[in-house]
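Structure data (mmCIF, C-alpha atoms) from input26.cif:
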```
data_entry
#
loop_
_atom_site.label_atom_id
_atom_site.label_comp_id
_atom_site.auth_asym_id
_atom_site.auth_seq_id
_atom_site.Cartn_x
_atom_site.Cartn_y
_atom_site.Cartn_z
CA MET A 1 -9.06 -41.21 5.95
CA ALA A 2 -7.32 -39.64 2.98
CA GLU A 3 -6.79 -41.86 -0.03
CA ARG A 4 -3.28 -43.30 -0.33
CA VAL A 5 -1.26 -43.32 -3.53
CA LEU A 6 2.05 -45.06 -4.09
CA PHE A 7 4.74 -43.67 -6.39
CA THR A 8 7.22 -46.29 -7.53
CA CYS A 9 9.73 -47.37 -10.10
CA VAL A 10 10.06 -51.01 -11.14
CA GLY A 11 13.27 -52.98 -10.74
CA THR A 12 14.46 -56.52 -11.31
CA SER A 13 13.02 -57.64 -7.97
CA ASP A 14 9.48 -56.50 -8.90
CA PRO A 15 6.81 -57.63 -8.69
CA VAL A 16 7.88 -60.96 -7.04
CA ARG A 17 11.33 -62.51 -6.84
CA GLU A 18 12.28 -65.92 -5.54
CA MET A 19 8.78 -66.38 -4.09
CA ARG A 20 8.93 -63.17 -2.03
CA ASP A 21 7.45 -59.70 -2.55
CA GLY A 22 9.46 -57.14 -4.41
CA SER A 23 9.47 -53.68 -2.83
CA MET A 24 6.45 -52.36 -4.73
CA LEU A 25 4.22 -55.31 -3.85
CA HIS A 26 5.41 -55.40 -0.24
CA ILE A 27 4.47 -51.74 0.27
CA MET A 28 1.10 -52.40 -1.35
CA ARG A 29 0.54 -55.32 1.00
CA HIS A 30 1.23 -53.38 4.20
CA TYR A 31 -0.01 -49.86 3.27
CA ARG A 32 -2.88 -50.71 0.90
CA PRO A 33 -2.73 -47.71 -1.49
CA GLU A 34 -5.77 -47.19 -3.70
CA LYS A 35 -3.61 -46.09 -6.64
CA VAL A 36 -0.09 -47.07 -7.65
CA TYR A 37 1.76 -44.78 -10.07
CA ILE A 38 4.38 -46.93 -11.78
CA PHE A 39 7.35 -45.51 -13.70
CA LEU A 40 8.81 -48.02 -16.20
CA SER A 41 12.04 -47.95 -18.13
CA LYS A 42 12.04 -49.26 -21.71
CA GLU A 43 13.36 -52.60 -20.46
CA MET A 44 10.56 -52.99 -17.89
CA GLU A 45 8.01 -51.81 -20.44
CA ASP A 46 9.12 -54.55 -22.84
CA PHE A 47 8.76 -57.19 -20.09
CA GLU A 48 5.27 -55.94 -19.27
CA LYS A 49 4.21 -56.07 -22.90
CA ALA A 50 5.66 -59.56 -23.24
CA ASP A 51 4.14 -61.30 -20.21
CA HIS A 52 1.83 -58.72 -18.52
CA ARG A 53 3.52 -59.31 -15.18
CA LEU A 54 2.26 -56.14 -13.55
CA GLU A 55 -1.25 -56.53 -14.91
CA LYS A 56 -1.32 -60.10 -13.53
CA THR A 57 0.02 -58.89 -10.20
CA PHE A 58 -2.77 -56.34 -9.82
CA CYS A 59 -5.39 -58.92 -10.79
CA PHE A 60 -3.97 -61.29 -8.14
CA VAL A 61 -3.82 -58.56 -5.48
CA ASN A 62 -7.36 -57.34 -6.14
CA GLU A 63 -8.71 -60.87 -6.00
CA LYS A 64 -6.77 -62.02 -2.92
CA TRP A 65 -6.63 -59.08 -0.51
CA ALA A 66 -7.25 -55.65 -2.03
CA ASP A 67 -10.97 -56.20 -2.73
CA GLY A 68 -10.64 -54.69 -6.17
CA THR A 69 -9.45 -51.31 -4.89
CA ALA A 70 -5.86 -51.32 -6.20
CA GLU A 71 -5.47 -49.35 -9.43
CA ALA A 72 -2.30 -49.09 -11.52
CA VAL A 73 -1.32 -45.96 -13.45
CA TYR A 74 1.60 -46.56 -15.81
CA GLU A 75 4.20 -44.17 -17.17
CA TYR A 76 6.05 -45.74 -20.10
CA SER A 77 9.09 -43.48 -20.12
CA GLY A 78 10.90 -45.07 -23.07
CA LEU A 79 14.20 -44.58 -21.19
CA PHE A 80 17.03 -46.93 -22.13
CA ASN A 81 19.85 -45.54 -20.01
CA VAL A 82 18.30 -45.45 -16.55
CA ALA A 83 21.76 -45.29 -14.99
CA ASP A 84 22.02 -41.68 -16.20
CA MET A 85 20.85 -39.29 -13.47
CA ASP A 86 20.18 -36.48 -15.95
CA ALA A 87 18.08 -38.78 -18.08
CA VAL A 88 15.82 -40.08 -15.29
CA ALA A 89 15.38 -36.96 -13.14
CA ASP A 90 13.11 -34.79 -15.31
CA PRO A 91 10.63 -37.49 -16.39
CA LEU A 92 10.41 -38.82 -12.82
CA PHE A 93 9.72 -35.35 -11.43
CA ALA A 94 7.14 -34.71 -14.17
CA PHE A 95 5.32 -37.99 -13.48
CA PHE A 96 5.35 -37.24 -9.75
CA GLU A 97 3.82 -33.79 -10.30
CA LYS A 98 1.15 -35.37 -12.50
CA MET A 99 0.29 -37.73 -9.65
CA ILE A 100 0.08 -34.80 -7.18
CA ARG A 101 -2.20 -32.84 -9.51
CA GLU A 102 -4.50 -35.82 -9.90
CA ASN A 103 -4.52 -36.59 -6.16
CA PRO A 104 -4.09 -33.25 -4.36
CA ASP A 105 -5.53 -34.37 -1.03
CA SER A 106 -4.02 -37.85 -0.86
CA GLU A 107 -1.37 -39.31 1.40
CA VAL A 108 1.64 -40.07 -0.80
CA LEU A 109 3.89 -43.11 -0.36
CA ILE A 110 7.22 -43.26 -2.19
CA ASN A 111 9.01 -46.56 -2.77
CA LEU A 112 12.68 -45.87 -2.01
CA SER A 113 13.86 -49.42 -2.82
CA SER A 114 12.92 -50.15 -6.46
CA GLY A 115 14.79 -49.05 -9.57
CA THR A 116 18.37 -48.17 -10.38
CA PRO A 117 20.54 -46.29 -7.84
CA GLN A 118 19.94 -43.13 -9.88
CA MET A 119 16.17 -43.61 -9.71
CA LYS A 120 16.35 -44.22 -5.96
CA THR A 121 18.31 -41.00 -5.52
CA VAL A 122 15.59 -39.02 -7.30
CA LEU A 123 12.90 -40.78 -5.27
CA ALA A 124 14.72 -39.89 -2.06
CA GLN A 125 14.89 -36.25 -3.17
CA LEU A 126 11.14 -36.28 -3.77
CA ALA A 127 10.53 -37.77 -0.33
CA VAL A 128 12.59 -35.03 1.30
CA SER A 129 11.96 -31.89 -0.73
CA SER A 130 8.46 -32.14 -2.16
CA ARG A 131 6.05 -29.64 -0.62
CA HIS A 132 3.00 -31.87 -0.96
CA GLY A 133 1.30 -32.05 2.42
CA ASP A 134 1.71 -35.72 3.45
CA ILE A 135 4.59 -37.77 2.01
CA ARG A 136 6.17 -40.90 3.46
CA GLY A 137 9.32 -42.42 2.04
CA ILE A 138 9.34 -46.20 2.52
CA GLN A 139 12.23 -48.61 2.16
CA VAL A 140 11.89 -52.41 2.03
CA ALA A 141 14.56 -54.76 3.35
CA ASN A 142 15.68 -57.77 1.34
CA PRO A 143 14.13 -60.99 2.74
CA SER A 144 17.57 -62.49 3.37
CA GLY A 145 18.92 -59.32 4.99
CA LYS A 146 21.52 -58.94 2.25
CA SER A 147 21.52 -58.09 -1.44
CA GLY A 148 20.14 -60.83 -3.67
CA LYS A 149 22.22 -62.16 -6.54
CA SER A 150 19.97 -64.69 -8.27
CA GLY A 151 16.55 -65.24 -9.66
CA ARG A 152 15.91 -61.70 -10.89
CA THR A 153 12.79 -60.91 -12.86
CA ASN A 154 14.68 -60.04 -16.06
CA GLU A 155 15.95 -63.62 -16.49
CA ASP A 156 14.59 -65.98 -19.14
CA GLY A 157 11.77 -68.19 -17.96
CA TYR A 158 10.46 -65.84 -15.29
CA ASP A 159 6.88 -66.92 -14.45
CA VAL A 160 5.04 -64.23 -12.51
CA GLN A 161 1.90 -66.34 -11.99
CA LEU A 162 3.91 -69.12 -10.36
CA GLU A 163 5.83 -66.61 -8.23
CA LEU A 164 2.57 -65.07 -7.02
CA GLU A 165 0.94 -68.41 -6.18
CA LEU A 166 3.99 -69.64 -4.22
CA ASN A 167 4.77 -66.26 -2.64
CA GLU A 168 5.82 -66.83 0.98
CA ASP A 169 4.78 -63.29 1.91
CA GLU A 170 1.16 -64.38 1.46
CA ALA A 171 1.46 -66.29 4.73
CA PRO A 172 -0.33 -64.57 7.66
CA ASP A 173 2.80 -64.61 9.81
CA ALA A 174 5.16 -63.28 7.12
CA PRO A 175 7.26 -60.40 8.50
CA ASN A 176 6.73 -56.76 7.48
CA ARG A 177 10.00 -55.62 5.91
CA CYS A 178 8.89 -51.98 5.39
CA SER A 179 10.43 -49.11 7.31
CA GLU A 180 10.27 -45.33 7.09
CA PRO A 181 13.70 -43.73 7.45
CA ARG A 182 13.45 -41.00 10.05
CA LEU A 183 16.07 -38.92 8.22
CA PHE A 184 13.61 -38.11 5.46
CA ALA A 185 10.92 -37.04 7.91
CA ILE A 186 13.40 -34.83 9.78
CA GLN A 187 14.63 -33.15 6.60
CA ARG A 188 11.09 -32.68 5.31
CA ASP A 189 9.93 -31.18 8.60
CA ARG A 190 12.95 -28.87 8.65
CA ALA A 191 12.18 -27.63 5.14
CA ARG A 192 8.52 -27.08 6.05
CA ALA A 193 9.55 -25.19 9.18
CA GLN A 194 11.87 -22.96 7.12
CA ILE A 195 9.14 -22.16 4.62
CA GLY A 196 6.62 -21.61 7.41
CA SER A 197 9.02 -19.17 9.07
CA LEU A 198 9.48 -17.22 5.84
CA LEU A 199 5.71 -17.09 5.37
CA ALA A 200 5.25 -15.78 8.92
CA ARG A 201 7.88 -13.10 8.22
CA ARG A 202 6.21 -12.40 4.86
CA ASP A 203 9.61 -12.65 3.24
CA TYR A 204 8.29 -13.50 -0.20
CA ARG A 205 11.56 -12.76 -1.98
CA ALA A 206 13.34 -15.37 0.14
CA LEU A 207 10.54 -17.84 -0.60
CA GLU A 208 10.89 -17.10 -4.30
CA ALA A 209 14.61 -17.86 -4.04
CA ILE A 210 13.91 -21.40 -2.76
CA GLY A 211 11.23 -22.04 -5.34
CA ASP A 212 12.57 -25.53 -6.09
CA GLN A 213 11.29 -26.60 -2.66
CA LEU A 214 7.76 -25.41 -3.40
CA PRO A 215 4.99 -27.05 -5.41
CA PRO A 216 5.26 -25.63 -8.96
CA ASP A 217 1.69 -24.30 -8.85
CA ILE A 218 2.51 -22.25 -5.72
CA LEU A 219 5.53 -20.43 -7.14
CA PRO A 220 3.52 -17.96 -9.31
CA LEU A 221 1.54 -16.94 -6.20
CA ILE A 222 4.80 -16.41 -4.27
CA ARG A 223 6.10 -14.24 -7.12
CA HIS A 224 2.86 -12.26 -7.13
CA LEU A 225 3.12 -11.61 -3.38
CA ALA A 226 6.79 -10.64 -3.68
CA ALA A 227 6.02 -8.10 -6.41
CA ARG A 228 2.94 -6.84 -4.61
CA ASN A 229 4.69 -6.35 -1.28
CA ASP A 230 7.44 -4.41 -3.10
CA LEU A 231 4.72 -2.19 -4.64
CA GLN A 232 5.57 -3.44 -8.12
CA THR A 233 1.94 -3.02 -9.00
CA GLU A 234 1.89 -3.81 -12.72
CA GLU A 235 4.00 -6.95 -12.29
CA ALA A 236 1.72 -8.09 -9.46
CA TYR A 237 -1.39 -7.57 -11.63
CA LYS A 238 0.22 -9.44 -14.50
CA LEU A 239 1.01 -12.45 -12.31
CA ALA A 240 -2.44 -12.36 -10.67
CA ARG A 241 -4.09 -12.83 -14.05
CA THR A 242 -2.35 -16.21 -14.42
CA LEU A 243 -3.59 -17.54 -11.06
CA SER A 244 -6.72 -19.54 -10.29
CA LEU A 245 -7.48 -19.36 -6.56
CA PRO A 246 -10.55 -20.01 -4.37
CA PHE A 247 -10.54 -16.33 -3.35
CA LYS A 248 -9.99 -12.95 -4.99
CA LEU A 249 -6.55 -11.34 -4.86
CA TYR A 250 -8.06 -7.88 -5.40
CA PRO A 251 -11.52 -7.92 -3.78
CA ALA A 252 -13.55 -4.77 -4.42
CA LYS A 253 -17.23 -3.85 -4.41
CA ARG A 254 -16.86 -2.43 -7.91
CA ALA A 255 -14.13 -1.42 -10.33
CA ALA A 256 -11.51 0.55 -8.42
CA GLY A 257 -9.75 3.69 -9.62
CA GLU A 258 -5.99 4.10 -9.66
CA GLU A 259 -5.95 6.26 -6.52
CA TYR A 260 -7.74 3.63 -4.41
CA ARG A 261 -5.64 0.79 -5.82
CA GLU A 262 -2.41 2.54 -4.94
CA LEU A 263 -3.57 3.61 -1.49
CA SER A 264 -4.97 0.19 -0.60
CA GLU A 265 -1.75 -1.54 -1.68
CA TYR A 266 0.26 0.89 0.40
CA TYR A 267 -2.00 0.14 3.37
CA LEU A 268 -1.36 -3.61 2.96
CA LEU A 269 2.39 -2.92 2.92
CA LEU A 270 2.08 -0.99 6.21
CA ARG A 271 0.09 -3.85 7.68
CA ASN A 272 2.78 -6.34 6.69
CA LEU A 273 5.50 -4.13 8.16
CA GLN A 274 3.59 -3.93 11.43
CA LEU A 275 2.86 -7.66 11.56
CA THR A 276 6.51 -8.53 10.96
CA GLY A 277 7.89 -5.96 13.41
CA ARG A 278 9.71 -3.85 10.83
CA TYR A 279 8.92 -0.64 12.69
CA SER A 280 11.69 1.56 11.26
CA GLU A 281 10.36 1.07 7.75
CA PHE A 282 6.81 1.39 9.06
CA VAL A 283 7.57 4.88 10.38
CA LEU A 284 9.31 5.92 7.17
CA ARG A 285 6.44 4.67 4.99
CA LEU A 286 3.72 6.23 7.12
CA ASN A 287 4.03 9.80 5.86
CA PRO A 288 3.17 9.30 2.15
CA PHE A 289 0.28 6.97 3.01
CA LEU A 290 -1.28 9.42 5.46
CA THR A 291 -0.70 12.38 3.15
CA HIS A 292 -2.70 10.76 0.35
CA LEU A 293 -5.37 9.44 2.70
CA MET A 294 -5.74 12.89 4.28
CA ALA A 295 -6.07 14.47 0.84
CA ARG A 296 -8.99 12.17 0.13
CA GLN A 297 -10.55 12.95 3.53
CA ILE A 298 -10.12 16.70 2.98
CA GLU A 299 -11.78 16.50 -0.43
CA MET A 300 -14.72 14.63 1.08
CA SER A 301 -14.98 17.15 3.96
CA LEU A 302 -14.94 20.29 1.80
CA PRO A 303 -18.24 21.78 0.64
CA GLU A 304 -19.23 21.42 -2.98
CA GLY A 305 -17.26 23.75 -5.23
CA ALA A 306 -14.24 23.96 -2.90
CA GLU A 307 -12.61 20.62 -3.80
CA ASP A 308 -9.83 22.41 -5.69
CA VAL A 309 -8.26 23.30 -2.33
CA ILE A 310 -6.47 20.02 -3.01
CA GLU A 311 -4.53 19.94 -6.28
CA ARG A 312 -3.08 16.63 -7.46
CA TRP A 313 0.05 16.73 -9.60
CA THR A 314 0.83 14.21 -12.31
CA ASN A 315 3.98 13.11 -10.48
CA GLY A 316 1.88 11.90 -7.54
CA ARG A 317 2.50 14.90 -5.31
CA ILE A 318 -0.36 16.75 -3.66
CA LYS A 319 -0.52 20.52 -3.33
CA PHE A 320 -2.53 22.39 -0.72
CA ARG A 321 -3.98 25.60 -2.24
CA ALA A 322 -4.20 28.02 0.69
CA ASP A 323 -5.19 30.83 -1.68
CA VAL A 324 -8.22 28.85 -2.84
CA LEU A 325 -9.21 28.12 0.76
CA ARG A 326 -8.98 31.84 1.64
CA ARG A 327 -11.11 32.80 -1.33
CA LYS A 328 -13.82 30.17 -0.93
CA LEU A 329 -13.77 29.47 2.85
CA PRO A 330 -12.20 32.48 4.52
CA ALA A 331 -13.35 31.57 8.05
CA ALA A 332 -11.80 28.11 7.71
CA ALA A 333 -8.57 29.69 6.42
CA ASP A 334 -8.38 32.02 9.41
CA GLU A 335 -9.00 29.15 11.84
CA LEU A 336 -6.29 27.11 10.10
CA ASP A 337 -3.81 30.00 10.53
CA ARG A 338 -4.68 30.16 14.20
CA ARG A 339 -4.17 26.45 14.73
CA CYS A 340 -0.92 26.39 12.76
CA LYS A 341 0.26 29.60 14.52
CA VAL A 342 1.44 30.92 11.16
CA TYR A 343 -0.02 32.46 8.02
CA VAL A 344 -0.46 29.36 5.88
CA THR A 345 0.53 29.63 2.22
CA ASP A 346 0.40 27.32 -0.78
CA SER A 347 2.61 24.26 -0.30
CA GLU A 348 2.78 20.53 -0.68
CA LEU A 349 0.26 18.96 1.66
CA SER A 350 1.90 18.08 4.96
CA LEU A 351 0.68 16.22 8.02
CA LEU A 352 0.94 19.42 10.04
CA VAL A 353 -1.42 21.37 7.76
CA GLY A 354 -3.61 18.40 6.77
CA VAL A 355 -4.37 17.31 10.33
CA ARG A 356 -5.29 20.82 11.42
CA LEU A 357 -7.41 21.47 8.33
CA LEU A 358 -9.39 18.29 8.96
CA ARG A 359 -9.91 19.45 12.56
CA VAL A 360 -11.19 22.80 11.22
CA LEU A 361 -13.52 21.15 8.70
CA GLY A 362 -14.90 18.97 11.50
CA ARG A 363 -16.26 16.09 9.46
CA LEU A 364 -14.17 13.24 10.84
CA PRO A 365 -14.90 11.39 14.12
CA GLU A 366 -12.97 12.61 17.14
CA HIS A 367 -11.02 9.37 17.57
CA VAL A 368 -9.78 9.58 13.96
CA LEU A 369 -8.71 13.21 14.38
CA CYS A 370 -6.87 12.30 17.60
CA THR A 371 -5.13 9.44 15.81
CA LEU A 372 -3.99 11.74 13.01
CA GLU A 373 -2.69 14.27 15.54
CA ALA A 374 -0.75 11.49 17.25
CA CYS A 375 0.69 10.42 13.88
CA GLU A 376 1.80 13.98 13.23
CA SER A 377 3.64 13.86 16.55
CA LEU A 378 5.17 10.51 15.59
CA ASN A 379 6.24 11.90 12.23
CA SER A 380 7.98 14.91 13.74
CA MET A 381 9.72 12.92 16.49
CA GLN A 382 10.62 9.57 14.92
CA ARG A 383 10.78 9.92 11.13
CA ASN A 384 14.09 11.75 11.04
CA GLN A 385 15.54 9.46 13.72
CA ALA A 386 14.40 6.34 11.84
CA ALA A 387 16.21 7.57 8.75
CA HIS A 388 19.50 8.36 10.53
CA GLN A 389 19.86 6.51 13.81
CA LEU A 390 21.86 3.31 14.13
CA HIS A 391 19.35 1.32 16.19
CA ALA A 392 16.01 0.11 14.87
CA VAL A 393 12.73 1.70 15.90
CA THR A 394 10.68 -0.48 18.24
CA ASP A 395 6.95 -0.52 18.94
CA GLU A 396 7.72 1.05 22.31
CA ASP A 397 9.46 3.92 20.50
CA ILE A 398 6.33 4.40 18.43
CA LYS A 399 4.11 4.42 21.52
CA ARG A 400 6.31 7.01 23.22
CA ALA A 401 6.16 9.32 20.21
CA CYS A 402 2.66 8.65 18.88
CA VAL A 403 0.61 10.45 21.52
CA ASP A 404 -2.48 12.59 20.98
CA GLY A 405 -3.60 15.70 22.87
CA ASN A 406 -5.32 13.54 25.49
CA GLN A 407 -2.02 11.73 26.17
CA LYS A 408 -3.31 8.53 24.61
CA ALA A 409 -0.45 6.47 23.14
CA TYR A 410 -0.83 4.43 19.96
CA GLY A 411 1.10 1.31 18.96
CA ALA A 412 1.60 0.24 15.38
CA ASP A 413 -1.12 -2.42 15.58
CA GLU A 414 -3.77 0.08 16.68
CA LEU A 415 -2.67 2.54 14.00
CA VAL A 416 -3.05 -0.09 11.29
CA ARG A 417 -6.51 -1.01 12.57
CA ILE A 418 -7.64 2.64 12.54
CA PHE A 419 -6.10 3.24 9.10
CA GLY A 420 -8.13 0.33 7.74
CA GLY A 421 -11.31 1.92 9.01
CA MET A 422 -10.31 5.28 7.52
CA LEU A 423 -9.62 3.69 4.15
CA GLU A 424 -12.99 1.94 4.20
CA LYS A 425 -14.79 5.20 5.05
CA ALA A 426 -12.82 7.15 2.44
CA TYR A 427 -13.83 4.75 -0.37
CA PRO A 428 -17.14 3.20 0.79
CA GLU A 429 -18.33 2.44 -2.73
CA VAL A 430 -15.20 0.43 -3.57
CA CYS A 431 -13.49 -0.87 -0.43
CA ASP A 432 -14.15 -4.52 0.42
CA LYS A 433 -12.79 -5.45 3.85
CA ALA A 434 -11.73 -8.81 2.45
CA LEU A 435 -8.79 -6.93 0.94
CA PHE A 436 -7.31 -6.36 4.41
CA THR A 437 -6.70 -10.09 4.93
CA VAL A 438 -5.68 -11.10 1.41
CA TYR A 439 -2.08 -11.83 2.48
CA ASP A 440 -3.41 -14.00 5.32
CA ARG A 441 -5.56 -16.01 2.92
CA CYS A 442 -2.61 -16.41 0.54
CA GLY A 443 -0.45 -17.61 3.43
CA ASP A 444 -3.09 -20.13 4.51
CA HIS A 445 -3.43 -21.37 0.94
CA ILE A 446 0.33 -21.85 0.61
CA SER A 447 0.59 -23.58 4.01
CA GLN A 448 -2.11 -26.07 3.01
CA ARG A 449 -0.07 -27.02 -0.05
CA LEU A 450 3.18 -27.66 1.84
#
```
Could you render the structure from this file as structure tokens?
Amino acid sequence: MAERVLFTCVGTSDPVREMRDGSMLHIMRHYRPEKVYIFLSKEMEDFEKADHRLEKTFCFVNEKWADGTAEAVYEYSGLFNVADMDAVADPLFAFFEKMIRENPDSEVLINLSSGTPQMKTVLAQLAVSSRHGDIRGIQVANPSGKSGKSGRTNEDGYDVQLELELNEDEAPDAPNRCSEPRLFAIQRDRARAQIGSLLARRDYRALEAIGDQLPPDILPLIRHLAARNDLQTEEAYKLARTLSLPFKLYPAKRAAGEEYRELSEYYLLLRNLQLTGRYSEFVLRLNPFLTHLMARQIEMSLPEGAEDVIERWTNGRIKFRADVLRRKLPAAADELDRRCKVYVTDSELSLLVGVRLLRVLGRLPEHVLCTLEACESLNSMQRNQAAHQLHAVTDEDIKRACVDGNQKAYGADELVRIFGGMLEKAYPEVCDKALFTVYDRCGDHISQRL
């Protein structure tokens, strides 16, 4: 079982009042937390320093029924005005986050019944909105069933040792007054479901917008994913450098060049678009990705000394030098003209020319060439429609348009799978397949922290 920790304030019914458990002690009795994180106002701190009431309580508990396992962790806040919501909120939240950091895998109990009304409000907010994995808000009913008006622990003459020894809740048949309000569980589950849905949709900007519902240590990762999925490469790198994760955000076999980094990030974007069913954007984004990937494949397929058939411009555009091809590989140039059914001249590299040139060069596997031919068909049939039509492109639309010469149809999922293999083959010395699932690992990591 996971270790239990209790987060609690201290009020004027704690630790024992009128020979009955206060809320903190009653939760300890029935839930047996190993650690109790106790937030004290200046008033409660002064009482503790004067008579050591909490220290005596933990000694009593460990001797009587906790077998020495109950540990107290104190936060002396120094707060005088604990009826001021603004004054209590920040230090309570900070102490709670400290507890979570120190006990990341523990089940968390929150005492909803001790402290001022303002403290209880903050505690209720923590029970509902915190993204720590396992949190239970617990309230404790007054022994009499109504609010007590006498014998509070801030009165003169309070004797904690006597209260503990005569405590009626020590009796074996004493009732359990703890309950867990279902409202908090419902609200917490609803918030988790909302965040889980946004993760599944890979809507990192929406997740970033509700950052107050996320563990603080998760928010930088969400911001990294949002920037990365928007191809804001430098911002994503900057945020990645601040993160410490059990896996690499940019796995690679060795240092990667700019071309591979840009192409691999674009591939991940296409994969996310496919996984989330955003097919119109998938079709629109496909052309630049394939153009750059084809340029790399053409360069690798050309014989030594003919690589300058592909000319890369500083603005990111790629030029196909037909004149260079004719001079250095005249037979290939003639075959390209025949396949294109036109005398090919210098131009920006297009899918039409690139696919046919790769077929002429004959270095790629047949299934890859067929896939590229199908993508050229998809580009000519769907790209313009995706940019101008009123209805969204579906995967069925893609399958109808993305058909190779053998009449094989390709859906977006198969295209993404084949593109991943092409990218790996195009950069074998750099590409680590772990990159392809980096968003999945990030999603799993975030889900485990909710």
Rank nothing, just name the residue among A:Met422, A:Met119, A:Ala193, A:Leu109 nearest to Cys9 in chain A, using all atoms listed in the file.
->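 Among A:Met422, A:Met119, A:Ala193, A:Leu109, it is A:Met119 that comes nearest to Cys9 in chain A.
CA of Asn379 in chain A is found 23.0 Å from CA of Glu335 in chain A.
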Length of the CA of Leu352 in chain A to CA of Arg261 in chain A vector [Å] | 25.3 Å
Distance query Asn111 in chain A at most 7 Å, all atoms listed in the file, self and fewer than 2 positions along chain excluded, as a list in words = Phe7, Thr8, Met24, Leu109, Ser113, Ser114, Gly137, Ile138 and Gln139 of chain A
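Taking CA of Arg441 in chain A and CA of Glu424 in chain A as the two end points, the separation is 19.5 Å.
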Go through range 220-316 of chain A residue by residue and, counting all atoms listed in the file, keep those with an atom at most 10 Å from range 443-446 of chain A; for each kept residue give the shortest atom pair and its distance in Å to one decimal, ordered by chain and increasing number, as CSV.
```
residue,atom,partner,partner_atom,distance
A:Leu221,CA,A:Ile446,CA,8.5
A:Ile222,CA,A:Ile446,CA,8.6
A:Leu225,CA,A:Gly443,CA,9.8
A:Leu245,CA,A:His445,CA,8.8
A:Pro246,CA,A:His445,CA,9.0
A:Phe247,CA,A:His445,CA,9.7
```
Within 8 Å of range 283-292 of chain A: each range 308-353 of chain A residue with its shortest pair, only C-alpha atoms, as a tab-separated table:
```
residue	atom	partner	partner_atom	distance
A:Ile318	CA	A:His292	CA	7.6
A:Leu349	CA	A:Thr291	CA	6.8
A:Ser350	CA	A:Thr291	CA	6.5
A:Leu351	CA	A:Thr291	CA	6.4
```
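Between Lys433 in chain A and the residues A:Pro365, A:Pro251, A:Gly316, A:Gly405, the shortest atom-to-atom distance, using all atoms listed in the file, involves A:Pro251.
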Let me know the residues the PyMOL selection byres ((chain A and resi 394-397) around 7) catches in the file above, as a ChimeraX atom specification.
-> /A:279,392-393,398-401,411-412
Residue IDs satisfying the PyMOL selection byres ((chain A and resi 75-90) around 6), as number ranges by chain | A: 39-42, 74, 91-93, 118
Would you mind listing what lies within 12 Å of Asn103 in chain A as a list in words, with only C-alpha atoms counted and same-chain residues fewer than 4 positions away left out?
->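 Result of the neighbour search: Ala2, Glu3, Arg4, Val5, Leu6, Phe7, Glu34, Lys35, Val36, Tyr37, Phe96, Glu97, Lys98, Met99, Glu107, Val108, His132, Gly133 and Asp134 of chain A.
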Let me know the residues the PyMOL selection byres ((chain A and resi 20) around 12) catches in the file above, as a count of residues only.
-> 38
Pick out the residues sitting within 9 Å of range 268-274 of chain A, and hand them over as a PyMOL selection string; count only C-alpha atoms, and ignore anything fewer than 5 positions along from it in its own chain.
-> chain A and resi 201-202+228-231+263+279-282+285-286+289+395+412-413+416-417+435-439
Do a neighbour search on range 357-364 of chain A at 10 Å with only C-alpha atoms, toss out local chain neighbours closer than 6 positions, and write the hits as a count of residues only.
-> 24
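The residue that comes closest to Ser244 in chain A, out of A:Cys59, A:Cys442, A:Leu207, A:Leu378 and on the basis of only C-alpha atoms, is A:Cys442.
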Write out as a PyMOL selection string each polymer residue whose atoms come within 8 Å of Ser377 in chain A, counting all atoms listed in the file; drop sequence neighbours fewer than 5 positions from it.
-> chain A and resi 401-404
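Among the candidates A:Gly157, A:Gly420, A:Pro181, A:Pro330, the residue lying nearest to Ala50 in chain A is A:Gly157 (atoms considered: all atoms listed in the file).
Minimum atom-to-atom distances from A:Leu126, A:Ile38, A:Val344, A:Val61 to Val73 in chain A were compared using all atoms listed in the file, and the lowest value belongs to A:Ile38.
When only C-alpha atoms are used to compute distances to Lys253 in chain A, the closest of the residues A:Asp432, A:Glu311, A:Glu348, A:Glu376 turns out to be A:Asp432.
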